[in-house]
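Here the structure comes first, spelled out in structure tokens, and everything after it is commentary.
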Amino acid sequence: MKASEQPHPLSDLLLTVVLPSVVLETMSRPDRLGPFWALGVALLLPVGFGLWCFYRKRGLNFFSVLGLVAVIFTGGLGLLNLNAFWFALKEAAFPVFLGLAFPLSFRWGKPLVTELLLNPQVVNQPLLRASLDTLEKRAGHERLLRRASWALALTMFASAVANAWLVQYFLAGAEPGSEAYTKAIGRQNWVGFIIIGLPMMAVTVGLLFWVLKRIQQLTGLERDDLLNPGRTVRRQVG
């Protein structure tokens, strides 16, 4: 699939993680779909997107697998009406799993940090590859990606601790399966997005600009050339 046809990783994350979570939290009430059918609808999103990616020959989509695991975990806990401790464990385990995926993805030969920060829709990949024309530059580029991966991992680990604390704070004393419990989960999600999600987005954007600046220093490319998809590149790298 061409770079111009590839979904952006943020859209991947939206379809496979965010939207299924919203479905679970808003449609699990008995007067709506109920926990069983809400889980089924939520599962359709990562499964369907993963099959579409596989059909379009993009291979196995990491975010689809991630979303599938998260939905099964969250939905399963919802069906079992387990207490706040297990929800806190889930909220901590999910970002830890995602955080570890960034450095571990180097073993798979497809660094996840490249998909997130240096997506072909953002960075002129052919020009970047052409500019890494020496062993020293390629080694420097790999070190940069590894440092960025660990920075993202540490951000996820901090999110895990904050998420677990929020769950214990909002769900403490609520009876599993009760309306108060469901409302507390909803409040925890929104508050978590504000005090955890927004700062994490800011950190990710800051990390993106830091990576781009270091790539400029490493390759000598200008930012306009580096961010251009290749249609109006002013500088040619031989």
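Every chain in the structure tokens has a letter given in the order shown (A, B, ...), and although residue numbers restart at 1 in each chain, ligands are simply numbered from 1 in the order shown.
Residues in contact with A:Val123 at 6 Å, where only C-alpha atoms are counted and same-chain residues fewer than 5 positions away are skipped, are listed as Leu118, Leu226 and Leu227 of chain A.
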**Request:** Find the spatial neighbours of stretch 100-115 of chain A, counting only C-alpha atoms, within a cut-off of 9 Å - ignore same-chain residues fewer than 4 positions away - and output them as a VMD selection string.
**Result:** chain A and resid 8 to 9 62 95 to 96 119 to 120 145 to 150 152 to 153 156 to 157
**Asked** Which polymer residues have any atom within 8 Å of an atom of A:Pro20, counting only C-alpha atoms, with same-chain residues fewer than 2 positions away left out, as a PyMOL selection string?
**Response** chain A and resi 15-18+22-24+41-43+45-46+67+71
Generate a file of the selected residues that holds N, CA and C atoms, formatted as a compact mmCIF listing (two decimals), in the first residue's frame.
```txt
# COMPACT_ATOMS: atom_id res chain seq x y z
N LEU A 15 -9.65 4.22 15.99
CA LEU A 15 -10.58 3.17 15.57
C LEU A 15 -10.46 1.92 16.41
N THR A 16 -9.26 1.60 16.86
CA THR A 16 -9.04 0.30 17.50
C THR A 16 -8.98 0.35 19.02
N VAL A 17 -8.75 1.52 19.59
CA VAL A 17 -8.61 1.63 21.05
C VAL A 17 -9.63 2.59 21.64
N VAL A 18 -9.67 3.83 21.12
CA VAL A 18 -10.52 4.86 21.73
C VAL A 18 -12.00 4.57 21.53
N VAL A 22 -15.02 3.75 24.23
CA VAL A 22 -16.21 4.59 24.37
C VAL A 22 -17.48 3.74 24.29
N VAL A 23 -17.50 2.80 23.35
CA VAL A 23 -18.66 1.91 23.22
C VAL A 23 -18.88 1.13 24.51
N LEU A 24 -17.81 0.57 25.06
CA LEU A 24 -17.94 -0.21 26.29
C LEU A 24 -18.47 0.62 27.44
N VAL A 41 -20.04 -5.41 20.07
CA VAL A 41 -19.90 -4.27 19.16
C VAL A 41 -18.50 -3.68 19.24
N ALA A 42 -17.96 -3.56 20.46
CA ALA A 42 -16.62 -3.00 20.63
C ALA A 42 -15.57 -3.87 19.97
N LEU A 43 -15.76 -5.19 20.02
CA LEU A 43 -14.79 -6.10 19.39
C LEU A 43 -14.78 -5.99 17.88
N LEU A 45 -14.78 -3.43 16.04
CA LEU A 45 -13.93 -2.34 15.53
C LEU A 45 -12.48 -2.77 15.32
N PRO A 46 -11.76 -3.27 16.34
CA PRO A 46 -10.38 -3.70 16.09
C PRO A 46 -10.29 -4.91 15.18
N GLY A 67 -5.85 -3.01 20.44
CA GLY A 67 -7.25 -2.71 20.73
C GLY A 67 -8.03 -3.95 21.10
N VAL A 71 -9.97 -4.37 24.60
CA VAL A 71 -11.43 -4.54 24.64
C VAL A 71 -11.80 -5.83 25.38
```
**Message:** Which residues are near A:Ala160? Cut-off 12 Å, only C-alpha atoms, ignore same chain within fewer than 6 positions. Put them as number ranges by chain.
**Reply:** A: 87-100, 153-154, 166-167, 192, 196-197, 200
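Taking atom CA of A:Tyr181 and atom CA of A:Pro199 as endpoints, the distance between them is 26.5 Å.
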